[in-house]
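To be precise, the following lines are start04.txt, and they hold compact mmCIF, C-alpha atoms.
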# COMPACT_ATOMS: atom_id res chain seq x y z
CA MET E 163 11.92 25.80 -86.53
CA SER E 164 13.32 25.44 -83.02
CA ASP E 165 11.42 24.47 -79.91
CA ILE E 166 11.94 28.00 -78.57
CA ASP E 167 10.19 29.44 -81.62
CA ASP E 168 7.38 26.89 -81.52
CA GLN E 169 6.37 27.50 -77.92
CA PRO E 170 4.99 31.08 -78.28
CA LEU E 171 3.22 30.11 -81.51
CA GLN E 172 1.62 27.12 -79.83
CA SER E 173 0.50 29.27 -76.90
CA GLU E 174 -0.96 31.86 -79.22
CA LEU E 175 -2.92 29.24 -81.14
CA ASP E 176 -4.25 27.76 -77.92
CA SER E 177 -5.39 31.18 -76.72
CA MET E 178 -7.40 31.65 -79.92
CA ASP E 179 -9.75 28.87 -78.76
CA LEU E 180 -10.26 27.83 -82.38
CA ALA E 181 -12.67 25.03 -81.65
CA ALA E 182 -14.47 26.32 -78.61
CA PRO E 183 -18.13 25.47 -78.99
CA PRO E 184 -20.82 28.11 -78.53
CA PRO E 185 -22.02 28.44 -74.94
CA ASP E 186 -25.64 27.71 -75.69
CA VAL E 187 -27.13 24.28 -76.08
CA THR E 188 -30.03 22.84 -78.05
CA PHE E 189 -32.61 20.73 -76.28
CA ALA E 190 -34.60 18.02 -77.94
CA PRO E 191 -38.26 19.05 -78.11
CA GLN E 192 -40.23 18.38 -74.95
CA ARG E 193 -43.33 16.26 -75.01
CA ASP E 194 -46.40 18.45 -75.05
CA SER E 195 -49.95 18.33 -76.28
CA TYR E 196 -48.79 16.94 -79.63
CA HIS E 197 -46.92 13.98 -78.14
CA ARG E 198 -48.63 10.81 -76.99
CA SER E 199 -47.49 8.53 -74.23
CA ALA E 200 -47.43 5.60 -76.67
CA PRO E 201 -46.99 5.59 -80.46
CA ARG E 202 -50.07 4.93 -82.55
CA SER E 203 -48.69 5.51 -86.02
CA PRO E 204 -46.74 2.95 -88.05
CA THR E 205 -44.49 5.76 -89.25
CA ARG E 206 -43.54 6.87 -85.75
CA GLY E 207 -40.70 5.50 -83.65
CA THR E 208 -41.20 2.65 -81.25
CA GLY E 209 -40.44 4.66 -78.15
CA THR E 210 -36.87 3.34 -77.84
CA GLU E 211 -33.87 5.35 -76.78
CA GLU E 212 -33.51 6.80 -80.28
CA SER E 213 -36.75 8.74 -79.84
CA SER E 214 -36.24 9.80 -76.22
CA PRO E 215 -35.44 13.45 -75.43
CA LEU E 216 -31.74 14.19 -75.29
CA LEU E 217 -29.62 17.14 -74.23
CA ALA E 218 -27.43 17.78 -77.26
CA SER E 219 -24.82 20.49 -77.55
CA ARG E 220 -25.13 22.89 -80.41
CA VAL E 221 -21.83 21.48 -81.66
CA GLU E 222 -23.59 18.22 -82.46
CA HIS E 223 -25.90 20.01 -84.88
CA GLU E 224 -23.62 22.63 -86.35
CA TYR E 225 -20.11 21.19 -86.08
CA GLY E 226 -20.60 17.87 -87.79
CA ASN E 227 -21.08 15.29 -85.02
CA PHE E 228 -24.35 14.07 -86.52
CA GLN E 229 -25.86 10.80 -87.64
CA ASN E 230 -28.51 10.00 -90.21
CA HIS E 231 -30.19 7.26 -88.21
CA PHE E 232 -33.43 5.60 -89.32
CA PRO E 233 -33.82 2.46 -87.18
CA ASP E 234 -37.40 1.87 -88.36
CA ASP E 235 -36.41 1.83 -92.04
CA PRO E 236 -33.25 -0.26 -92.61
CA GLU E 237 -33.56 -0.15 -96.41
CA TYR E 238 -33.60 3.64 -96.44
CA GLN E 239 -30.80 3.68 -93.88
CA GLU E 240 -28.67 1.52 -96.16
CA ILE E 241 -29.17 3.88 -99.11
CA ILE E 242 -28.14 6.87 -96.99
CA ARG E 243 -25.07 4.94 -95.83
CA LYS E 244 -24.12 4.23 -99.45
CA SER E 245 -24.45 7.91 -100.34
CA GLU E 246 -22.24 8.90 -97.40
CA GLU E 247 -19.62 6.34 -98.40
CA ALA E 248 -19.64 7.61 -101.97
CA ILE E 249 -19.08 11.21 -100.82
CA GLU E 250 -16.19 10.10 -98.62
CA CYS E 251 -14.64 8.35 -101.63
CA GLY E 252 -14.93 11.46 -103.80
CA ARG E 253 -18.13 10.56 -105.66
CA TYR E 254 -19.84 13.88 -104.97
CA PRO E 255 -23.51 14.79 -105.60
CA GLU E 256 -24.10 16.43 -108.97
CA ARG E 257 -26.13 19.61 -109.23
CA ILE E 258 -29.32 19.41 -111.28
CA TYR E 259 -29.32 22.38 -113.62
CA GLN E 260 -33.05 22.29 -114.28
CA GLY E 261 -35.39 23.96 -111.82
CA SER E 262 -35.17 27.06 -109.67
CA SER E 263 -33.26 25.74 -106.65
CA GLY E 264 -30.11 23.92 -105.70
CA SER E 265 -30.95 20.23 -105.98
CA TYR E 266 -28.53 17.37 -106.50
CA PHE E 267 -28.34 13.86 -107.87
CA VAL E 268 -26.76 11.70 -105.16
CA LYS E 269 -24.80 8.70 -106.39
CA ASN E 270 -23.43 5.52 -104.88
CA ILE E 271 -19.81 4.51 -105.10
CA ASP E 272 -20.42 2.93 -108.53
CA GLY E 273 -21.70 6.22 -109.93
CA ASN E 274 -25.37 5.21 -110.11
CA ILE E 275 -27.95 7.79 -109.05
CA ILE E 276 -29.73 6.68 -105.88
CA GLY E 277 -31.41 9.84 -104.63
CA VAL E 278 -32.29 13.49 -105.10
CA TYR E 279 -31.13 15.84 -102.36
CA LYS E 280 -32.54 19.34 -101.81
CA PRO E 281 -30.75 21.37 -99.10
CA LYS E 282 -32.87 23.73 -97.04
CA ASP E 283 -30.67 26.79 -97.61
CA GLU E 284 -30.60 26.25 -101.39
CA GLU E 285 -34.37 26.23 -101.89
CA PRO E 286 -35.92 28.68 -104.39
CA TYR E 287 -35.97 31.44 -101.77
CA GLY E 288 -33.09 30.20 -99.62
CA GLN E 289 -30.08 32.38 -98.86
CA LEU E 290 -27.68 30.09 -100.75
CA ASN E 291 -29.80 29.28 -103.79
CA PRO E 292 -27.24 28.95 -106.62
CA LYS E 293 -29.79 29.79 -109.33
CA TRP E 294 -29.60 33.50 -110.14
CA THR E 295 -33.16 33.66 -111.54
CA LYS E 296 -34.75 33.76 -108.08
CA TRP E 297 -32.25 36.37 -106.92
CA LEU E 298 -33.22 38.52 -109.91
CA HIS E 299 -36.89 37.88 -109.17
CA LYS E 300 -36.44 39.10 -105.59
CA LEU E 301 -34.45 42.15 -106.71
CA CYS E 302 -36.67 43.30 -109.57
CA CYS E 303 -40.12 42.27 -108.38
CA PRO E 304 -40.18 42.04 -104.57
CA CYS E 305 -43.96 42.53 -104.42
CA CYS E 306 -44.46 39.19 -106.20
CA PHE E 307 -41.62 37.39 -104.45
CA GLY E 308 -42.51 34.01 -103.01
CA ARG E 309 -45.93 32.54 -102.35
CA SER E 310 -47.77 34.38 -99.64
CA CYS E 311 -49.72 31.30 -98.55
CA LEU E 312 -46.62 29.19 -97.83
CA VAL E 313 -44.14 29.24 -94.97
CA PRO E 314 -40.87 30.50 -96.49
CA ASN E 315 -37.94 28.13 -96.83
CA GLN E 316 -39.72 24.99 -95.63
CA GLY E 317 -39.76 23.11 -98.91
CA TYR E 318 -37.62 20.29 -97.56
CA LEU E 319 -40.19 19.66 -94.81
CA SER E 320 -42.98 19.77 -97.38
CA GLU E 321 -41.18 17.10 -99.42
CA ALA E 322 -40.82 14.84 -96.37
CA GLY E 323 -44.37 15.64 -95.21
CA ALA E 324 -45.86 14.59 -98.55
CA SER E 325 -44.03 11.27 -98.27
CA LEU E 326 -45.38 10.85 -94.74
CA VAL E 327 -48.98 11.45 -95.88
CA ASP E 328 -48.42 9.05 -98.76
CA GLN E 329 -47.26 6.31 -96.40
CA LYS E 330 -50.02 6.90 -93.85
CA LEU E 331 -52.72 6.56 -96.51
CA GLN E 332 -50.85 3.74 -98.31
CA LEU E 333 -51.04 5.58 -101.62
CA ASN E 334 -47.53 4.45 -102.58
CA ILE E 335 -46.95 7.06 -105.25
CA VAL E 336 -44.36 9.31 -103.56
CA PRO E 337 -40.75 8.05 -103.61
CA LYS E 338 -39.72 7.72 -99.98
CA THR E 339 -38.43 11.05 -98.68
CA LYS E 340 -36.92 11.98 -95.31
CA VAL E 341 -34.91 14.81 -93.79
CA VAL E 342 -31.19 14.03 -94.01
CA LYS E 343 -27.94 15.89 -93.28
CA LEU E 344 -25.16 15.69 -95.87
CA THR E 345 -21.90 17.48 -96.58
CA SER E 346 -20.30 17.84 -99.99
CA LYS E 347 -17.94 20.33 -101.58
CA THR E 348 -20.28 20.46 -104.59
CA PHE E 349 -23.00 22.06 -102.44
CA ASN E 350 -23.26 25.84 -102.45
CA TYR E 351 -21.43 27.29 -99.44
CA THR E 352 -20.42 30.82 -98.54
CA ALA E 353 -16.86 31.91 -99.12
CA ILE E 354 -16.41 32.20 -95.35
CA ASP E 355 -17.40 28.56 -94.77
CA ARG E 356 -15.00 27.37 -97.45
CA ALA E 357 -12.20 29.57 -96.12
CA LYS E 358 -12.72 28.32 -92.56
CA SER E 359 -12.66 24.72 -93.74
CA THR E 360 -9.46 25.26 -95.72
CA THR E 361 -7.79 27.09 -92.85
CA LYS E 362 -8.66 24.40 -90.32
CA LYS E 363 -7.39 21.71 -92.68
CA ASN E 364 -4.07 23.52 -93.17
CA ILE E 365 -3.63 24.11 -89.44
CA SER E 366 -4.47 20.50 -88.56
CA GLU E 367 -1.93 19.24 -91.11
CA ARG E 368 0.83 21.54 -89.86
CA PHE E 369 -0.03 21.41 -86.17
CA PRO E 370 -1.77 18.08 -85.43
CA ILE E 371 -2.07 18.85 -81.71
CA VAL E 372 -4.02 22.01 -82.49
CA GLY E 373 -6.04 20.22 -85.18
CA ARG E 374 -7.31 17.71 -82.66
CA ARG E 375 -9.03 20.56 -80.85
CA PHE E 376 -11.35 21.17 -83.80
CA HIS E 377 -14.75 19.52 -83.56
CA ARG E 378 -15.09 19.61 -87.34
CA ILE E 379 -12.57 20.31 -90.04
CA GLY E 380 -14.68 19.94 -93.18
CA LEU E 381 -17.61 21.97 -94.45
CA PRO E 382 -20.72 22.18 -92.26
CA PRO E 383 -23.50 19.64 -92.91
CA LYS E 384 -26.70 20.78 -94.57
CA SER E 385 -30.23 19.72 -93.69
CA GLY E 386 -32.44 18.85 -96.61
CA SER E 387 -34.85 16.36 -98.13
CA PHE E 388 -33.47 13.13 -99.56
CA GLN E 389 -35.85 11.45 -102.01
CA LEU E 390 -35.13 8.01 -103.41
CA PHE E 391 -34.46 8.03 -107.14
CA VAL E 392 -36.88 6.20 -109.43
CA THR E 393 -35.79 4.75 -112.76
CA GLY E 394 -37.65 4.25 -116.02
CA TYR E 395 -39.99 7.21 -115.51
CA LYS E 396 -40.64 10.20 -117.78
CA ASP E 397 -42.49 13.46 -117.28
CA ALA E 398 -46.23 12.90 -117.23
CA ASP E 399 -46.64 15.42 -120.05
CA TYR E 400 -44.70 13.14 -122.41
CA TRP E 401 -46.91 10.10 -121.90
CA LEU E 402 -50.17 12.07 -121.63
CA ARG E 403 -49.57 13.42 -125.13
CA ARG E 404 -48.89 9.89 -126.34
CA PHE E 405 -52.06 8.60 -124.71
CA ASP E 406 -54.10 11.23 -126.58
CA SER E 407 -53.16 9.61 -129.89
CA GLU E 408 -52.65 6.03 -128.73
CA ALA E 409 -55.48 4.75 -126.56
CA LEU E 410 -54.52 2.56 -123.62
CA PRO E 411 -55.84 -0.99 -123.29
CA GLU E 412 -58.89 -1.18 -121.09
CA THR E 413 -57.20 -2.84 -118.11
CA THR E 414 -54.23 -0.47 -118.29
CA ALA E 415 -56.51 2.56 -118.58
CA LYS E 416 -58.41 1.40 -115.49
CA LYS E 417 -55.21 1.03 -113.51
CA PHE E 418 -54.00 4.46 -114.65
CA GLN E 419 -57.30 5.98 -113.52
CA GLN E 420 -56.85 4.48 -110.06
CA LEU E 421 -53.29 5.76 -109.81
CA PHE E 422 -54.41 9.18 -111.01
CA GLU E 423 -57.02 9.29 -108.24
CA ARG E 424 -54.30 8.59 -105.68
CA LEU E 425 -52.41 11.60 -107.02
CA VAL E 426 -55.55 13.70 -106.66
CA VAL E 427 -56.03 12.58 -103.06
CA LEU E 428 -52.43 13.39 -102.16
CA ASP E 429 -52.34 16.80 -103.83
CA TYR E 430 -55.68 17.86 -102.43
CA ILE E 431 -54.88 16.90 -98.83
CA ILE E 432 -51.50 18.65 -98.76
CA ARG E 433 -52.87 21.49 -100.96
CA ASN E 434 -50.03 21.27 -103.43
CA THR E 435 -49.57 24.68 -105.07
CA ASP E 436 -47.19 23.42 -107.76
CA ARG E 437 -48.57 20.35 -109.49
CA GLY E 438 -48.01 20.68 -113.21
CA ASN E 439 -47.67 17.87 -115.70
CA ASP E 440 -43.89 18.27 -115.59
CA ASN E 441 -43.46 17.39 -111.91
CA TRP E 442 -45.15 14.05 -111.69
CA LEU E 443 -43.84 11.04 -113.55
CA ILE E 444 -45.27 8.09 -115.47
CA LYS E 445 -43.58 4.78 -116.12
CA TYR E 446 -45.14 2.95 -119.06
CA GLU E 447 -43.79 -0.40 -120.18
CA GLN E 448 -45.12 -1.53 -123.50
CA ALA E 449 -46.95 -4.83 -123.77
CA SER E 450 -44.72 -7.83 -124.31
CA SER E 451 -45.78 -10.98 -126.09
CA HIS E 452 -44.46 -14.52 -125.99
CA MET E 453 -44.87 -16.74 -129.04
CA THR E 454 -44.43 -20.48 -128.86
CA THR E 455 -43.89 -22.67 -131.91
CA ASP E 456 -44.33 -26.38 -132.48
CA LYS E 457 -44.20 -28.65 -135.46
CA GLU E 458 -47.81 -28.09 -136.44
CA SER E 459 -48.47 -24.37 -136.05
CA ASP E 460 -47.40 -21.03 -134.67
CA ASP E 461 -49.54 -19.77 -131.82
CA TRP E 462 -49.54 -16.69 -129.60
CA SER E 463 -49.52 -18.28 -126.16
CA MET E 464 -49.69 -15.14 -124.05
CA VAL E 465 -49.96 -11.38 -124.53
CA GLU E 466 -49.25 -9.28 -121.46
CA ASN E 467 -50.91 -5.93 -120.82
CA PRO E 468 -48.72 -2.81 -120.56
CA GLU E 469 -47.53 -1.94 -117.07
CA ILE E 470 -48.07 1.59 -115.80
CA SER E 471 -47.14 3.38 -112.60
CA ILE E 472 -46.75 6.98 -111.45
CA ALA E 473 -44.45 8.89 -109.10
CA ALA E 474 -45.40 12.16 -107.41
CA ILE E 475 -42.20 14.19 -107.10
CA ASP E 476 -41.51 17.90 -106.42
CA ASN E 477 -43.80 18.27 -103.41
CA GLY E 478 -41.89 21.19 -101.88
CA LEU E 479 -44.60 23.82 -102.33
CA ALA E 480 -47.40 22.35 -100.23
CA PHE E 481 -48.89 22.64 -96.72
CA PRO E 482 -49.96 26.32 -96.91
CA PHE E 483 -51.08 28.12 -93.75
CA LYS E 484 -53.97 29.70 -95.64
CA HIS E 485 -55.80 29.14 -98.88
CA PRO E 486 -54.42 31.16 -101.82
CA ASP E 487 -56.33 34.42 -101.74
CA GLU E 488 -54.13 37.11 -103.29
CA TRP E 489 -52.72 37.20 -106.82
CA ARG E 490 -52.64 33.57 -107.93
CA ALA E 491 -54.86 30.55 -107.25
CA TYR E 492 -52.20 27.90 -107.92
CA PRO E 493 -54.68 25.40 -109.46
CA TYR E 494 -54.06 21.71 -109.86
CA HIS E 495 -53.12 21.25 -113.49
CA TRP E 496 -54.46 17.71 -113.56
CA THR E 497 -57.99 19.16 -113.49
CA TRP E 498 -57.71 19.71 -117.27
CA LEU E 499 -57.14 16.01 -117.92
CA PRO E 500 -60.04 13.76 -119.02
CA GLN E 501 -59.37 11.45 -116.05
CA ALA E 502 -60.40 14.28 -113.71
CA LYS E 503 -63.95 14.24 -115.06
CA VAL E 504 -64.52 10.61 -114.03
CA PRO E 505 -66.16 10.09 -110.60
CA PHE E 506 -63.94 8.61 -107.92
CA SER E 507 -63.75 4.82 -108.10
CA ASP E 508 -64.74 2.35 -105.42
CA GLU E 509 -61.08 1.35 -105.14
CA ILE E 510 -59.95 4.76 -103.88
CA LYS E 511 -62.99 5.03 -101.60
CA GLU E 512 -62.18 1.72 -99.93
CA LEU E 513 -58.54 2.71 -99.58
CA VAL E 514 -58.81 6.12 -97.93
CA LEU E 515 -62.40 6.87 -96.89
CA PRO E 516 -62.44 4.78 -93.68
CA GLN E 517 -59.27 6.50 -92.48
CA LEU E 518 -60.18 10.05 -93.49
CA SER E 519 -63.58 9.66 -91.81
CA ASP E 520 -61.89 8.79 -88.51
CA MET E 521 -61.14 11.87 -86.39
CA ASN E 522 -58.46 9.97 -84.47
CA PHE E 523 -56.63 9.08 -87.68
CA VAL E 524 -56.71 12.69 -88.88
CA GLN E 525 -55.35 13.91 -85.55
CA ASP E 526 -52.73 11.16 -85.69
CA LEU E 527 -51.64 12.50 -89.06
CA CYS E 528 -51.38 16.01 -87.63
CA ASP E 529 -49.28 14.65 -84.75
CA ASP E 530 -46.87 12.93 -87.13
CA LEU E 531 -46.49 16.10 -89.16
CA TYR E 532 -45.87 18.06 -85.97
CA GLU E 533 -43.02 15.76 -85.01
CA LEU E 534 -41.51 16.35 -88.46
CA PHE E 535 -42.06 20.10 -88.78
CA GLN E 536 -40.92 21.01 -85.26
CA THR E 537 -37.38 19.90 -86.11
CA ASP E 538 -36.94 23.09 -88.15
CA LYS E 539 -35.15 25.89 -86.28
CA GLY E 540 -37.72 28.42 -87.48
CA PHE E 541 -40.71 26.35 -86.40
CA ASP E 542 -43.67 28.38 -85.16
CA ARG E 543 -46.48 26.58 -83.35
CA SER E 544 -49.25 29.00 -84.30
CA THR E 545 -48.31 28.85 -87.99
CA PHE E 546 -48.28 25.07 -87.86
CA GLU E 547 -51.78 25.09 -86.37
CA LYS E 548 -52.93 27.17 -89.34
CA GLN E 549 -51.34 24.68 -91.74
CA MET E 550 -53.20 21.84 -90.06
CA ALA E 551 -56.44 23.82 -90.15
CA VAL E 552 -56.13 24.07 -93.93
CA MET E 553 -55.33 20.37 -94.21
CA ARG E 554 -58.31 19.37 -92.05
CA GLY E 555 -60.54 21.48 -94.28
CA GLN E 556 -59.17 19.74 -97.35
CA ILE E 557 -59.79 16.35 -95.76
CA LEU E 558 -63.34 17.39 -94.89
CA ASN E 559 -64.10 18.35 -98.49
CA LEU E 560 -62.43 15.23 -99.86
CA THR E 561 -64.37 12.96 -97.52
CA GLN E 562 -67.65 14.53 -98.56
CA ALA E 563 -66.78 14.33 -102.26
CA LEU E 564 -65.94 10.62 -101.97
CA LYS E 565 -69.22 9.92 -100.17
CA ASP E 566 -71.21 11.87 -102.76
CA GLY E 567 -69.55 10.16 -105.72
CA LYS E 568 -68.08 13.34 -107.14
CA SER E 569 -65.24 13.64 -109.63
CA PRO E 570 -61.88 15.38 -109.07
CA VAL E 571 -63.12 18.37 -111.07
CA GLN E 572 -66.16 18.69 -108.82
CA LEU E 573 -63.92 18.29 -105.78
CA VAL E 574 -61.76 21.31 -106.58
CA GLN E 575 -64.90 23.38 -107.19
CA MET E 576 -66.04 22.92 -103.60
CA PRO E 577 -65.68 26.00 -101.35
CA ALA E 578 -62.32 26.30 -99.59
CA VAL E 579 -62.72 25.54 -95.90
CA THR E 580 -60.49 25.50 -92.81
CA VAL E 581 -61.11 23.51 -89.64
CA GLU E 582 -59.43 24.86 -86.51
CA ARG E 583 -59.15 23.18 -83.15
CA THR E 584 -60.58 25.16 -80.26
CA LYS E 585 -57.66 26.51 -78.26
CA GLY E 586 -58.94 25.38 -74.89
CA ALA E 587 -59.49 21.84 -76.12
CA GLN E 588 -56.00 21.05 -77.34
CA GLY E 589 -54.44 17.92 -75.94
CA ARG E 590 -53.45 14.36 -76.64
CA LYS E 591 -56.30 12.63 -74.85
CA ARG E 592 -59.03 11.47 -77.21
CA THR E 593 -62.33 12.62 -75.77
CA GLU E 594 -65.59 13.79 -77.25
CA SER E 595 -65.02 17.21 -75.68
CA PHE E 596 -62.81 18.15 -78.64
CA SER E 597 -64.40 20.96 -80.60
CA TYR E 598 -63.51 22.28 -84.03
CA THR E 599 -64.42 25.51 -85.75
CA GLN E 600 -65.22 25.39 -89.44
CA SER E 601 -64.87 28.51 -91.59
CA PHE E 602 -65.01 29.24 -95.30
CA SER E 603 -62.62 31.34 -97.34
CA HIS E 604 -64.58 34.10 -99.09
CA ARG E 605 -61.65 35.92 -100.69
CA ALA E 606 -60.78 34.71 -104.19
CA PRO E 607 -57.40 35.22 -105.88
CA PHE E 608 -57.14 37.85 -108.60
CA PHE E 609 -56.05 35.29 -111.21
CA SER E 610 -57.91 32.00 -111.04
CA TRP E 611 -56.15 30.27 -113.94
CA CYS E 612 -52.55 30.41 -112.72

Please express what this file holds, its structure, as structure tokens.
Amino acid sequence: MSDIDDQPLQSELDSMDLAAPPPDVTFAPQRDSYHRSAPRSPTRGTGTEESSPLLASRVEHEYGNFQNHFPDDPEYQEIIRKSEEAIECGRYPERIYQGSSGSYFVKNIDGNIIGVYKPKDEEPYGQLNPKWTKWLHKLCCPCCFGRSCLVPNQGYLSEAGASLVDQKLQLNIVPKTKVVKLTSKTFNYTAIDRAKSTTKKNISERFPIVGRRFHRIGLPPKSGSFQLFVTGYKDADYWLRRFDSEALPETTAKKFQQLFERLVVLDYIIRNTDRGNDNWLIKYEQASSHMTTDKESDDWSMVENPEISIAAIDNGLAFPFKHPDEWRAYPYHWTWLPQAKVPFSDEIKELVLPQLSDMNFVQDLCDDLYELFQTDKGFDRSTFEKQMAVMRGQILNLTQALKDGKSPVQLVQMPAVTVERTKGAQGRKRTESFSYTQSFSHRAPFFSWC
């Protein structure tokens, strides 16, 4: 093609303004009544430039100029870096075909699974959920679509929030989970997004000068929860059935009881509406023995006890803004286990009771969750306050149950309560003028068993 022919084409492409960013901008959230002048939480940033408010163009969020930066957690940062390198090298996340949403096994460059990624827009009720069952559910039974007590399409925040609560209380049963942005051609995108990406790639290859005007050529990044992958675990239901026929050694049974109580504390505080025996995991390593022999006799020198640990996964349906009060009660399925009938141990009381009894700690926890939840574009302050009111009520009941020596079964039988902060008393300054309003939920769901 001659230079004379190229000139009008080049001018026409320039006039199309292919990569012009939107005129609006996105501001980092301003410090308000939920932001302290100095960090108090070990899970919060250190007040460095990474956590300072910035003016960021919308292009940075929607056109690919983003970074997954976790300066306070270098180990997690390294795992995210490995997953990004693997995607760049063509080792794409693999969709998990179980479940009702688009979730993916993320691998490193060697092909080993290192995380589970759940994009926001592919959640059970997300617009790009690749599983047709939820679409059929919405089409055929709209009156029962979703869970009326939960904020729609915030499962990825619930996953990260459960990990945050786990770390704050030092329960150590939730695999570390944070909000991450990733891009992969194996994710579910609209046909328009894929067509735009292909068109930009073709144009940039044929007309490099024009291609340099694009802020992003590939597919748009997706926000979602990235949970570290745990190995050697199986569904709790598998091992619980085994334990019914094969009793655990006394020391192992005691440890399992303590771990079970940590699961109860976590689920009750975040009011998990989806805790079945298929979405928490148990790792059970059989006892190993070492036998030494000498010239005189054979002797068992040491017999080790079995090792057991648990992992609380699938925490995306928690943090409701009201207690379930319509069709379903969404009970905790662990209440049917024999471990739930045993009163809480001194170990769990010493671990969490001093913190949960401290009003400053509880408010600190609410502040941390605010900093996480407000990153969502659909964040609503009044709805968040309702979520925290439910959580405070759960903490109030849990604290009382621990003091009274109750069991998990007795805990869930306590009346549902919410604790709201008085509107005029909101603020960051810790004073005794704070007032809270306690109210009980008198409306029971139609079905109490499901």

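Here CA of Glu447 (chain E) and CA of Tyr395 (chain E) stand 9.7 Å from one another.
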
Would you pick out the contacts of region 382-390 of chain E at 7 Å or less, using only C-alpha atoms, so that residues sharing its chain but fewer than 2 positions from it are not included, and give the list as a list in words?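 Residues meeting the cut-off are Glu224, Tyr225, Gly226, Ile276, Gly277, Val278, Tyr279, Lys280, Pro281, Lys282, Tyr318, Glu321, Ala322, Pro337, Lys338, Thr339, Lys340, Val341, Val342, Lys343, Leu344, Thr345, Gly380 and Val392 of chain E.
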
Nearby residues (all atoms listed in the file) at most 7 Å from His485 (chain E), same-chain spacing under 2 positions excluded, as a list of chain:residue names: E:Cys311, E:Pro482, E:Asp487

Work out how far apart CA of Phe541 (chain E) and CA of Gly438 (chain E) are and give it in Å to one decimal.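 Straight-line distance from CA of Phe541 (chain E) to CA of Gly438 (chain E) works out to 28.4 Å.
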
Could you tell me how far CA of Leu513 (chain E) sits from CA of Lys565 (chain E), in Å to one decimal place?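 These atoms are spaced 12.9 Å apart.
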
Have a look at E:Ile472, E:Phe349, E:Gly478, E:Gln329 and name the one nearest to Pro286 (chain E); count only C-alpha atoms.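 Once distances to Pro286 (chain E) are computed over only C-alpha atoms, the minimum belongs to E:Gly478.
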
Calculated over all atoms listed in the file, which of the candidates E:Leu527, E:Leu319, E:Leu381, E:Leu573 has the smallest distance to Lys539 (chain E)? E:Leu319

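Summary of the local environment: counting all atoms listed in the file, residues at most 12 Å from Ile249 (chain E), other than itself and those fewer than 4 positions away along its chain, are Ile242, Arg243, Lys244, Ser245, Arg253, Tyr254, Pro255, Glu256, Phe267, Val268, Lys269, Asn270, Ile271, Asp272, Gly273, Leu344, Thr345, Ser346, Lys347, Thr348 and Phe349 of chain E.
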
Of the residues E:Lys358, E:Lys396, E:Arg375, E:Lys330, which is the one nearest to Val514 (chain E), using all atoms listed in the file? E:Lys330

Give me, as a JSON list (two decimals) with C-alpha atoms, keeping the file's coordinate frame, all polymer residues having an atom no more than 12 Å from Val579 (chain E), counting all atoms listed in the file and skipping those fewer than 2 positions away in the same chain.
[["chain", "number", "residue", "atom", "x", "y", "z"],
["E", 433, "ARG", "CA", -52.87, 21.49, -100.96],
["E", 484, "LYS", "CA", -53.97, 29.70, -95.64],
["E", 485, "HIS", "CA", -55.80, 29.14, -98.88],
["E", 486, "PRO", "CA", -54.42, 31.16, -101.82],
["E", 548, "LYS", "CA", -52.93, 27.17, -89.34],
["E", 550, "MET", "CA", -53.20, 21.84, -90.06],
["E", 551, "ALA", "CA", -56.44, 23.82, -90.15],
["E", 552, "VAL", "CA", -56.13, 24.07, -93.93],
["E", 553, "MET", "CA", -55.33, 20.37, -94.21],
["E", 554, "ARG", "CA", -58.31, 19.37, -92.05],
["E", 555, "GLY", "CA", -60.54, 21.48, -94.28],
["E", 556, "GLN", "CA", -59.17, 19.74, -97.35],
["E", 557, "ILE", "CA", -59.79, 16.35, -95.76],
["E", 558, "LEU", "CA", -63.34, 17.39, -94.89],
["E", 559, "ASN", "CA", -64.10, 18.35, -98.49],
["E", 560, "LEU", "CA", -62.43, 15.23, -99.86],
["E", 574, "VAL", "CA", -61.76, 21.31, -106.58],
["E", 575, "GLN", "CA", -64.90, 23.38, -107.19],
["E", 576, "MET", "CA", -66.04, 22.92, -103.60],
["E", 577, "PRO", "CA", -65.68, 26.00, -101.35],
["E", 581, "VAL", "CA", -61.11, 23.51, -89.64],
["E", 582, "GLU", "CA", -59.43, 24.86, -86.51],
["E", 599, "THR", "CA", -64.42, 25.51, -85.75],
["E", 600, "GLN", "CA", -65.22, 25.39, -89.44],
["E", 601, "SER", "CA", -64.87, 28.51, -91.59],
["E", 602, "PHE", "CA", -65.01, 29.24, -95.30],
["E", 603, "SER", "CA", -62.62, 31.34, -97.34],
["E", 604, "HIS", "CA", -64.58, 34.10, -99.09],
["E", 605, "ARG", "CA", -61.65, 35.92, -100.69]]

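Comparing E:Asn522, E:Thr497, E:Asn350, E:Thr361 by their smallest distance to Phe422 (chain E), the closest is E:Thr497 (using all atoms listed in the file).
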
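Shortest separation to Glu285 (chain E) among E:Thr580, E:Phe535, E:Asn315, E:Tyr598 occurs at residue E:Asn315, atoms counted being all atoms listed in the file.
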
Just give me the residues with any atom within 6 Å of (-44.9, 11.7, -98.6), file coordinates, counting only C-alpha atoms, written as an MDAnalysis selection string. chainID E and resid 322:328 336
